[in-house]
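Participant: Input file: target_2.txt. Contents: compact mmCIF, C-alpha atoms and all ligand atoms.
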```txt
# COMPACT_ATOMS: atom_id res chain seq x y z
CA MET M 1 -5.54 17.29 1.14
CA LYS M 2 -9.17 16.22 0.69
CA VAL M 3 -8.69 12.64 -0.48
CA PHE M 4 -6.12 9.86 -0.35
CA LEU M 5 -6.97 7.65 -3.31
CA CYS M 6 -3.59 7.26 -4.94
CA ILE M 7 0.00 8.07 -3.98
CA ASN M 8 0.00 10.43 -6.98
CA ASP M 9 -2.69 12.59 -5.35
CA CYS M 10 0.11 13.89 -3.11
CA SER M 11 3.27 15.83 -3.82
CA SER M 12 6.62 14.51 -2.57
CA GLU M 13 6.47 17.22 0.10
CA GLN M 14 3.02 16.10 1.30
CA LEU M 15 4.19 12.47 1.49
CA GLY M 16 7.25 13.63 3.46
CA GLU M 17 4.97 15.54 5.86
CA LEU M 18 2.78 12.46 6.35
CA LEU M 19 5.86 10.35 7.12
CA ALA M 20 7.13 12.94 9.60
CA GLU M 21 3.70 13.11 11.30
CA SER M 22 3.58 9.28 11.43
CA LYS M 23 6.93 9.22 13.24
CA GLU M 24 5.85 11.97 15.62
CA LEU M 25 2.58 10.27 16.52
CA LYS M 26 4.35 6.91 16.84
CA ASN M 27 6.76 8.39 19.38
CA LEU M 28 3.95 10.19 21.19
CA TYR M 29 1.80 7.08 21.56
CA LYS M 30 4.78 4.83 22.43
CA SER M 31 5.63 7.20 25.26
CA GLY M 32 2.07 7.13 26.62
CA GLY M 33 0.93 10.44 25.12
CA ARG M 34 -2.35 11.16 23.34
CA ASP M 35 -3.54 13.51 20.61
CA LEU M 36 -7.33 13.76 20.69
CA CYS M 37 -7.55 15.80 17.48
CA LEU M 38 -10.52 13.77 16.15
CA SER M 39 -12.62 14.04 19.29
CA GLY M 40 -16.30 13.60 18.38
CA LYS M 41 -15.52 12.66 14.76
CA THR M 42 -16.65 9.50 12.98
CA LEU M 43 -15.16 7.47 10.11
CA ALA M 44 -17.32 5.13 8.00
CA MET M 45 -15.29 2.09 6.86
CA LEU M 46 -16.77 0.28 3.87
CA PHE M 47 -15.25 -3.12 3.04
CA GLU M 48 -16.14 -5.18 -0.06
CA LYS M 49 -13.20 -7.51 0.72
CA PRO M 50 -11.79 -9.09 3.89
CA SER M 51 -9.19 -7.31 6.02
CA LEU M 52 -7.29 -7.74 9.26
CA ARG M 53 -4.58 -5.05 9.24
CA THR M 54 -6.42 -2.24 7.47
CA ARG M 55 -9.68 -2.62 9.34
CA ILE M 56 -8.20 -2.95 12.81
CA SER M 57 -5.49 -0.31 12.38
CA PHE M 58 -7.98 2.30 11.12
CA GLN M 59 -10.42 1.46 13.92
CA VAL M 60 -7.69 1.70 16.58
CA ALA M 61 -6.32 4.89 15.02
CA MET M 62 -9.76 6.56 15.20
CA THR M 63 -10.17 5.51 18.85
CA ASP M 64 -6.62 6.69 19.65
CA LEU M 65 -7.37 10.13 18.19
CA GLY M 66 -10.58 10.48 20.22
CA GLY M 67 -13.03 9.56 17.45
CA SER M 68 -14.96 6.48 16.45
CA ALA M 69 -15.36 4.22 13.42
CA ILE M 70 -18.29 2.32 11.91
CA TYR M 71 -17.58 -0.88 9.95
CA VAL M 72 -19.91 -1.41 6.98
CA LYS M 73 -20.13 -4.63 4.95
CA PRO M 74 -21.82 -4.65 1.52
CA GLU M 75 -24.52 -7.05 2.76
CA ASP M 76 -25.47 -4.57 5.52
CA ILE M 77 -26.37 -1.95 2.92
CA GLY M 78 -27.73 -4.17 0.16
CA GLY M 79 -24.50 -4.14 -1.89
CA VAL M 80 -22.26 -1.30 -3.05
CA GLY M 81 -24.02 0.47 -5.91
CA LYS M 82 -26.86 -2.09 -5.90
CA ARG M 83 -29.53 -0.86 -3.48
CA GLU M 84 -28.73 2.70 -4.46
CA PRO M 85 -26.18 4.46 -6.68
CA ILE M 86 -22.68 5.00 -5.30
CA LYS M 87 -23.09 8.76 -5.73
CA ASP M 88 -26.14 8.72 -3.42
CA MET M 89 -24.26 6.64 -0.84
CA ALA M 90 -21.47 9.22 -0.89
CA ARG M 91 -23.84 12.14 -0.36
CA VAL M 92 -25.83 10.42 2.40
CA LEU M 93 -22.71 9.25 4.29
CA SER M 94 -21.32 12.80 4.06
CA ARG M 95 -24.34 14.02 6.07
CA TYR M 96 -23.53 11.60 8.92
CA VAL M 97 -19.78 11.09 9.16
CA ASP M 98 -16.58 13.12 8.93
CA GLY M 99 -14.67 10.74 6.66
CA ILE M 100 -15.18 7.68 4.45
CA MET M 101 -12.68 4.88 4.00
CA ALA M 102 -13.38 2.18 1.42
CA ARG M 103 -11.87 -1.12 0.27
CA THR M 104 -13.46 -2.03 -3.04
CA PHE M 105 -12.94 -4.25 -6.06
CA GLU M 106 -13.11 -1.53 -8.70
CA HIS M 107 -10.99 1.58 -8.30
CA GLY M 108 -13.84 3.53 -9.93
CA THR M 109 -15.94 2.95 -6.81
CA VAL M 110 -13.59 4.95 -4.57
CA THR M 111 -13.16 7.68 -7.19
CA GLU M 112 -16.94 7.97 -7.52
CA LEU M 113 -17.35 8.10 -3.74
CA ALA M 114 -14.74 10.87 -3.65
CA ALA M 115 -16.38 12.78 -6.50
CA PHE M 116 -19.71 12.99 -4.68
CA ALA M 117 -18.68 13.01 -0.99
CA THR M 118 -18.22 16.31 0.81
CA VAL M 119 -15.98 14.66 3.42
CA PRO M 120 -12.48 13.16 2.92
CA VAL M 121 -12.32 9.74 1.22
CA ILE M 122 -9.51 7.21 1.74
CA ASN M 123 -8.63 4.26 -0.53
CA ALA M 124 -8.14 1.24 1.74
CA LEU M 125 -7.21 -1.00 -1.26
CA THR M 126 -8.74 -1.40 -4.69
CA ASP M 127 -7.78 -3.72 -7.55
CA PHE M 128 -5.62 -0.81 -8.80
CA SER M 129 -3.77 0.42 -5.74
CA HIS M 130 -3.05 0.23 -2.02
CA PRO M 131 -1.57 3.61 -1.07
CA CYS M 132 -1.90 3.27 2.73
CA GLN M 133 0.18 0.09 2.54
CA ALA M 134 2.88 1.78 0.45
CA MET M 135 3.19 4.60 2.98
CA ALA M 136 3.56 2.18 5.91
CA ASP M 137 6.19 0.39 3.81
CA VAL M 138 8.31 3.46 3.15
CA LEU M 139 7.99 4.45 6.81
CA THR M 140 9.39 1.01 7.69
CA ILE M 141 12.21 1.31 5.15
CA ALA M 142 13.18 4.72 6.52
CA GLU M 143 13.29 3.31 10.05
CA HIS M 144 15.50 0.43 8.98
CA CYS M 145 18.04 2.31 6.93
CA GLY M 146 17.72 5.91 8.09
CA GLN M 147 16.98 7.29 4.62
CA LEU M 148 14.91 6.76 1.50
CA GLU M 149 16.96 8.52 -1.18
CA SER M 150 18.52 6.00 -3.62
CA VAL M 151 17.56 2.98 -1.52
CA LYS M 152 16.91 -0.02 -3.78
CA ILE M 153 13.95 -2.33 -3.32
CA ALA M 154 13.33 -5.49 -5.35
CA PHE M 155 9.67 -6.50 -5.71
CA ILE M 156 9.35 -10.19 -6.61
CA GLY M 157 6.04 -11.54 -7.93
CA ASP M 158 2.85 -10.03 -9.27
CA GLY M 159 2.80 -6.53 -10.78
CA ASN M 160 -0.35 -5.82 -8.79
CA ASN M 161 -2.04 -3.08 -6.72
CA VAL M 162 0.64 -3.26 -3.98
CA ALA M 163 3.50 -3.12 -6.52
CA ARG M 164 1.91 -0.15 -8.29
CA SER M 165 1.49 1.99 -5.15
CA LEU M 166 4.99 1.09 -4.00
CA ALA M 167 6.42 2.08 -7.40
CA PHE M 168 4.71 5.48 -7.18
CA ALA M 169 5.90 5.97 -3.58
CA CYS M 170 9.47 5.04 -4.57
CA ALA M 171 9.34 7.49 -7.49
CA LYS M 172 7.97 10.31 -5.32
CA LEU M 173 10.53 9.73 -2.58
CA GLY M 174 13.70 9.17 -4.62
CA MET M 175 14.02 5.41 -4.20
CA LYS M 176 14.95 2.81 -6.81
CA MET M 177 12.72 -0.18 -7.51
CA VAL M 178 13.08 -3.26 -9.68
CA ILE M 179 10.03 -5.43 -10.25
CA ALA M 180 10.67 -9.07 -11.19
CA ALA M 181 7.51 -10.71 -12.51
CA PRO M 182 6.81 -13.64 -14.82
CA ALA M 183 5.97 -12.71 -18.43
CA GLY M 184 2.38 -11.51 -18.58
CA TYR M 185 2.26 -10.43 -14.93
CA GLU M 186 4.42 -7.31 -15.12
CA LEU M 187 3.19 -3.96 -13.86
CA ASP M 188 1.44 -2.21 -16.77
CA ALA M 189 3.66 -0.08 -18.98
CA GLU M 190 1.65 3.10 -18.32
CA SER M 191 2.25 2.86 -14.54
CA ILE M 192 5.98 2.29 -15.11
CA ARG M 193 6.10 5.24 -17.50
CA LYS M 194 4.25 7.47 -15.02
CA ALA M 195 6.49 6.40 -12.12
CA ASN M 196 9.65 7.18 -14.09
CA GLN M 197 8.21 10.50 -15.20
CA ILE M 198 7.57 11.42 -11.55
CA SER M 199 11.07 10.38 -10.59
CA GLU M 200 12.54 12.33 -13.49
CA VAL M 201 10.69 15.50 -12.51
CA ARG M 202 11.73 15.00 -8.90
CA SER M 203 15.42 14.71 -9.69
CA GLN M 204 15.09 17.55 -12.23
CA LYS M 205 16.93 15.54 -14.86
CA THR M 206 17.69 17.26 -18.13
CA GLU M 207 17.98 15.63 -21.52
CA ASP M 208 21.76 16.19 -21.28
CA ARG M 209 22.21 14.31 -18.04
CA LYS M 210 19.53 11.65 -18.41
CA GLU M 211 20.05 8.95 -15.84
CA ALA M 212 18.78 5.39 -16.09
CA ASP M 213 15.11 4.84 -15.17
CA THR M 214 14.63 4.40 -11.45
CA ILE M 215 11.65 2.01 -11.70
CA VAL M 216 12.51 -0.96 -13.92
CA GLN M 217 11.18 -4.45 -14.67
CA THR M 218 12.77 -7.81 -15.39
CA ASN M 219 11.66 -11.44 -15.64
CA ASP M 220 14.77 -12.57 -13.74
CA ALA M 221 14.18 -12.70 -9.97
CA ALA M 222 17.79 -13.59 -9.05
CA LYS M 223 19.12 -10.65 -11.06
CA ALA M 224 16.62 -8.29 -9.40
CA VAL M 225 17.79 -8.95 -5.84
CA VAL M 226 21.52 -8.37 -6.44
CA ASP M 227 22.43 -5.24 -4.41
CA ALA M 228 18.83 -4.78 -3.16
CA ARG M 229 18.52 -3.56 0.43
CA PHE M 230 14.91 -4.71 0.61
CA ILE M 231 13.07 -7.59 -1.04
CA TYR M 232 9.29 -7.30 -1.16
CA THR M 233 6.68 -9.84 -2.14
CA ASP M 234 2.89 -10.17 -2.10
CA THR M 235 0.38 -12.89 -2.87
CA TRP M 236 0.26 -14.34 -6.38
CA VAL M 237 -3.56 -14.44 -6.10
CA SER M 238 -5.10 -11.16 -5.04
CA MET M 239 -8.62 -10.88 -3.62
CA GLY M 240 -11.05 -11.29 -6.50
CA GLN M 241 -8.68 -13.52 -8.53
CA GLU M 242 -9.52 -16.77 -6.72
CA ASP M 243 -10.77 -18.40 -9.94
CA GLU M 244 -7.26 -18.05 -11.44
CA LYS M 245 -5.52 -19.64 -8.45
CA GLN M 246 -4.30 -22.83 -10.15
CA LYS M 247 -3.02 -21.07 -13.25
CA ARG M 248 -1.34 -18.31 -11.30
CA ARG M 249 0.43 -20.73 -8.96
CA ALA M 250 1.87 -22.53 -11.98
CA ASP M 251 2.81 -19.33 -13.81
CA PHE M 252 4.64 -17.85 -10.79
CA GLU M 253 6.90 -20.86 -10.31
CA GLY M 254 10.47 -19.58 -9.93
CA PHE M 255 9.30 -16.32 -8.32
CA GLN M 256 9.19 -17.54 -4.72
CA VAL M 257 11.16 -15.62 -2.10
CA ASN M 258 13.14 -18.48 -0.59
CA ALA M 259 16.63 -19.36 0.70
CA GLU M 260 17.87 -20.08 -2.84
CA LEU M 261 16.85 -16.61 -4.09
CA LEU M 262 18.44 -14.96 -1.05
CA LYS M 263 21.83 -16.41 -2.08
CA SER M 264 21.84 -13.80 -4.87
CA ALA M 265 21.07 -10.92 -2.45
CA PRO M 266 23.21 -9.16 0.16
CA ALA M 267 23.32 -11.17 3.44
CA ASP M 268 21.63 -8.39 5.42
CA VAL M 269 18.80 -7.78 2.93
CA LYS M 270 15.49 -7.09 4.69
CA ILE M 271 12.40 -9.04 3.64
CA MET M 272 9.05 -7.31 3.32
CA HIS M 273 5.49 -8.53 2.74
CA CYS M 274 2.25 -6.59 3.09
CA LEU M 275 0.62 -9.75 4.54
CA PRO M 276 -1.28 -12.00 4.62
CA ALA M 277 1.57 -14.33 3.54
CA HIS M 278 0.93 -17.62 1.75
CA ARG M 279 3.75 -19.82 2.99
CA GLY M 280 4.95 -22.29 0.37
CA TYR M 281 3.79 -20.04 -2.51
CA GLU M 282 5.18 -16.49 -2.85
CA ILE M 283 7.41 -17.00 0.22
CA THR M 284 8.67 -19.83 2.39
CA ASP M 285 7.93 -20.18 6.09
CA GLU M 286 11.70 -20.12 6.70
CA VAL M 287 12.02 -16.64 5.14
CA VAL M 288 8.92 -15.26 6.91
CA GLU M 289 10.36 -16.40 10.24
CA SER M 290 13.97 -15.39 9.50
CA ALA M 291 15.88 -12.60 11.26
CA ASN M 292 15.85 -10.64 7.96
CA SER M 293 12.06 -10.40 7.97
CA ILE M 294 10.61 -6.98 8.86
CA MET M 295 7.02 -7.70 7.85
CA PHE M 296 5.58 -7.31 11.33
CA ASP M 297 7.22 -3.87 11.61
CA GLN M 298 5.42 -3.04 8.36
CA ALA M 299 2.13 -4.30 9.82
CA GLU M 300 2.64 -2.20 12.97
CA ASN M 301 3.44 0.88 10.90
CA ARG M 302 0.03 0.62 9.25
CA LEU M 303 -1.36 1.95 12.54
CA HIS M 304 1.18 4.77 12.84
CA PHE M 305 0.60 5.93 9.27
CA GLN M 306 -3.20 5.65 9.56
CA ARG M 307 -3.16 7.99 12.58
CA ALA M 308 -1.16 10.59 10.64
CA LEU M 309 -3.41 10.31 7.58
CA LEU M 310 -6.63 10.63 9.59
CA LYS M 311 -5.26 13.63 11.48
CA LYS M 312 -4.25 15.31 8.22
CA LEU M 313 -7.56 14.66 6.44
CA MET M 314 -10.08 14.97 9.27
CA GLY M 315 -8.30 16.93 12.00
N1 LIG N 1 -1.91 -5.67 4.10
C1 LIG N 1 -3.23 -5.51 4.23
O1 LIG N 1 -3.85 -4.59 3.67
O2 LIG N 1 -3.81 -6.41 5.05
P1 LIG N 1 -5.39 -6.63 5.23
O3 LIG N 1 -5.91 -7.15 3.93
O4 LIG N 1 -5.52 -7.64 6.34
O5 LIG N 1 -6.02 -5.32 5.58
N1 LIG N 2 -2.56 -7.81 -3.57
C1 LIG N 2 -3.33 -8.23 -2.43
C2 LIG N 2 -3.02 -7.37 -1.24
C3 LIG N 2 -3.67 -7.81 0.04
C4 LIG N 2 -3.38 -6.90 1.18
C5 LIG N 2 -4.82 -8.20 -2.75
O1 LIG N 2 -5.27 -7.26 -3.40
O2 LIG N 2 -5.51 -9.14 -2.36
```
Before we go any further, please render this structure as structure tokens.

Facilitator:
Amino acid sequence: MKVFLCINDCSSEQLGELLAESKELKNLYKSGGRDLCLSGKTLAMLFEKPSLRTRISFQVAMTDLGGSAIYVKPEDIGGVGKREPIKDMARVLSRYVDGIMARTFEHGTVTELAAFATVPVINALTDFSHPCQAMADVLTIAEHCGQLESVKIAFIGDGNNVARSLAFACAKLGMKMVIAAPAGYELDAESIRKANQISEVRSQKTEDRKEADTIVQTNDAAKAVVDARFIYTDTWVSMGQEDEKQKRRADFEGFQVNAELLKSAPADVKIMHCLPAHRGYEITDEVVESANSIMFDQAENRLHFQRALLKKLMG
């Protein structure tokens, strides 16, 4: 593996190996052990958008593995692609550091960095996808129910970057996912088609025994959560969409994860959120703070997955 830009860059086997390595390193570090596989190595972390979890977990993961990280804001370097072309940034950074991680608005920025860098490049969230989050999420699901195969997750809200990466991860790992979004905010049809194609190849379905699609969409949130083991939500207003805030908040009415919605779900359903949560919008404070919530396990697992990813790419 040379890059981690999209879940689809990896085979199901590679994703399984990353999950196994995450668990191994989690156990090692929880028991006081250390793996200094990145001793003397440096990661450049470029952020066009704010971050708490991603920034800190990558920085801690680099320190844990014996390396170091440099945080770069666009204003420090005169803007991404402004003071100099992205392809030049990629080639210059490759002469100094052993890996580049980037959170950008346009997905094309990380793909261009990867095309010209000679060191590994990691997508730390773009408007298109958030693969590191999806991997921490499936790690969390596996911990909570002991398996991934056939586990059903209901994603309530915006068919956004987080939903897309989760759909691809579910398809690659044999899970089922239903996305409930208001009309006009569904995940794009091409991503749904691709996810179902991946899942079909994985389960080696034939035309004769064609099963129902494993990644589906609906506009009915209550219907989506029936028999779901996990309910997932994310902000209605992603970074970069602030101008649409009022309209989005009105359009997503009825898609809040709240006590009323949970009446349609199994009593022991687990609630997930990539965070930050906007209480009173996509989720209520009551649900965030409930015993069913596993969102802080997800946040912790960002660190455990990041260690495994960095070891795999830069070790
Ligand atoms: N979930 C997530 O990526 O959080 P940050 O934006 O704080 O990194
Ligand atoms: N969909 C959100 C995720 C934040 C972690 C965004 O892109 O802002």

Participant: Out of M:Arg164, M:Lys247, M:Arg53, M:Lys223, which residue has the shortest atom-to-atom distance to Ala136 in chain M when counting only C-alpha atoms?

Facilitator: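 For Ala136 in chain M, the nearest of the candidates is M:Arg53.
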
Participant: Can you work out which one of M:Glu190, M:Ile156, M:Arg229, M:Leu46 has the shortest atom-to-atom distance to Met175 in chain M, counting only C-alpha atoms?

Facilitator: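 For Met175 in chain M, the nearest of the candidates is M:Arg229.
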
Participant: Using Å and a single decimal, report how far CA of Thr104 in chain M sits from CA of Met45 in chain M.

Facilitator: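 Taking CA of Met45 in chain M as the start and CA of Thr104 in chain M as the end point, the length is 10.9 Å.
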
Participant: Can you list, as a list of chain:residue names, every protein, DNA or RNA residue that comes within 9 Å of range 288-290 of chain M when you count all atoms listed in the file, leaving out same-chain residues fewer than 3 positions away?

Facilitator: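 Here the qualifying residues turn out to be M:Ile271, M:Met272, M:His273, M:Ala277, M:Arg279, M:Ile283, M:Thr284, M:Asp285, M:Ser293, M:Ile294, M:Met295.
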
Participant: By how many Å are CA of Ala90 in chain M and CA of Ala44 in chain M apart?

Facilitator: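 Those two atoms sit 10.6 Å apart.
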
Participant: Mind checking which residues fall within 12 Å of Lys23 in chain M, counting only C-alpha atoms, ignoring those fewer than 5 positions away in the same chain, and posting them as a PyMOL selection string?

Facilitator: chain M and resi 16-18+28-30+135-136+138-140+142-143+301-309

Participant: Would you pick out the contacts of Pro276 in chain M at 9 Å or less, using only C-alpha atoms, so that residues sharing its chain but fewer than 2 positions from it are not included, and give the list as a PyMOL selection string?

Facilitator: chain M and resi 52-53+234-235+273-274+278

Participant: For the atom pair CA of Ser199 in chain M and CA of Met177 in chain M, what is the interatomic distance in Å to one decimal place?

Facilitator: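 Between CA of Ser199 in chain M and CA of Met177 in chain M the gap is 11.1 Å.
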
Participant: With all atoms listed in the file as the basis for distance, which of M:Met89, M:Leu113, M:Leu125, M:Leu166 is at the shortest distance from Pro50 in chain M?

Facilitator: M:Leu125

Participant: So that I can see what lies close to Asp158 in chain M, please list as a list in words the residues with an atom at most 9 Å from it, counting only C-alpha atoms and leaving out residues fewer than 6 positions away in the same chain.

Facilitator: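 Contacts, with the query itself left out: Ile179, Ala180, Ala181, Pro182, Tyr185, Glu186, Leu187, Thr233, Asp234, Thr235, Trp236, Val237 and Phe252 of chain M.
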
Participant: Write the residues of the preceding selection, restricted to C-alpha atoms, as an mmCIF file, in the coordinates of the input.

Facilitator:
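Just written: out-v8.cif:
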```
data_model
loop_
_atom_site.group_PDB
_atom_site.id
_atom_site.type_symbol
_atom_site.label_atom_id
_atom_site.label_comp_id
_atom_site.auth_asym_id
_atom_site.auth_seq_id
_atom_site.Cartn_x
_atom_site.Cartn_y
_atom_site.Cartn_z
ATOM 1 C CA ILE M 179 10.030 -5.430 -10.250
ATOM 2 C CA ALA M 180 10.670 -9.070 -11.190
ATOM 3 C CA ALA M 181 7.510 -10.710 -12.510
ATOM 4 C CA PRO M 182 6.810 -13.640 -14.820
ATOM 5 C CA TYR M 185 2.260 -10.430 -14.930
ATOM 6 C CA GLU M 186 4.420 -7.310 -15.120
ATOM 7 C CA LEU M 187 3.190 -3.960 -13.860
ATOM 8 C CA THR M 233 6.680 -9.840 -2.140
ATOM 9 C CA ASP M 234 2.890 -10.170 -2.100
ATOM 10 C CA THR M 235 0.380 -12.890 -2.870
ATOM 11 C CA TRP M 236 0.260 -14.340 -6.380
ATOM 12 C CA VAL M 237 -3.560 -14.440 -6.100
ATOM 13 C CA PHE M 252 4.640 -17.850 -10.790
#
```

Participant: Please determine an axis-aligned box that encloses all atoms of range 68-83 of chain M listed in the file, with 5 Å added on each side, and express its centre and edge lengths in Å to one decimal as lines of an AutoDock Vina configuration file.

Facilitator:
```
center_x = -22.2
center_y = -0.3
center_z = 5.3
size_x = 24.6
size_y = 23.5
size_z = 32.4
```

Participant: Restricting the calculation to all atoms listed in the file, which member of M:Gly81, M:Gly108, M:Pro131, M:Gly40 is positioned closest to ligand LIG 1 (chain N)?

Facilitator: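 Looking only at the distances to ligand LIG 1 (chain N), the closest residue turns out to be M:Pro131.
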
Participant: Hey, what's within 8 Å of Leu310 in chain M if we count all atoms listed in the file and toss same-chain stuff fewer than 4 positions away? As number ranges by chain, please?

Facilitator: M: 61-62, 306, 314-315
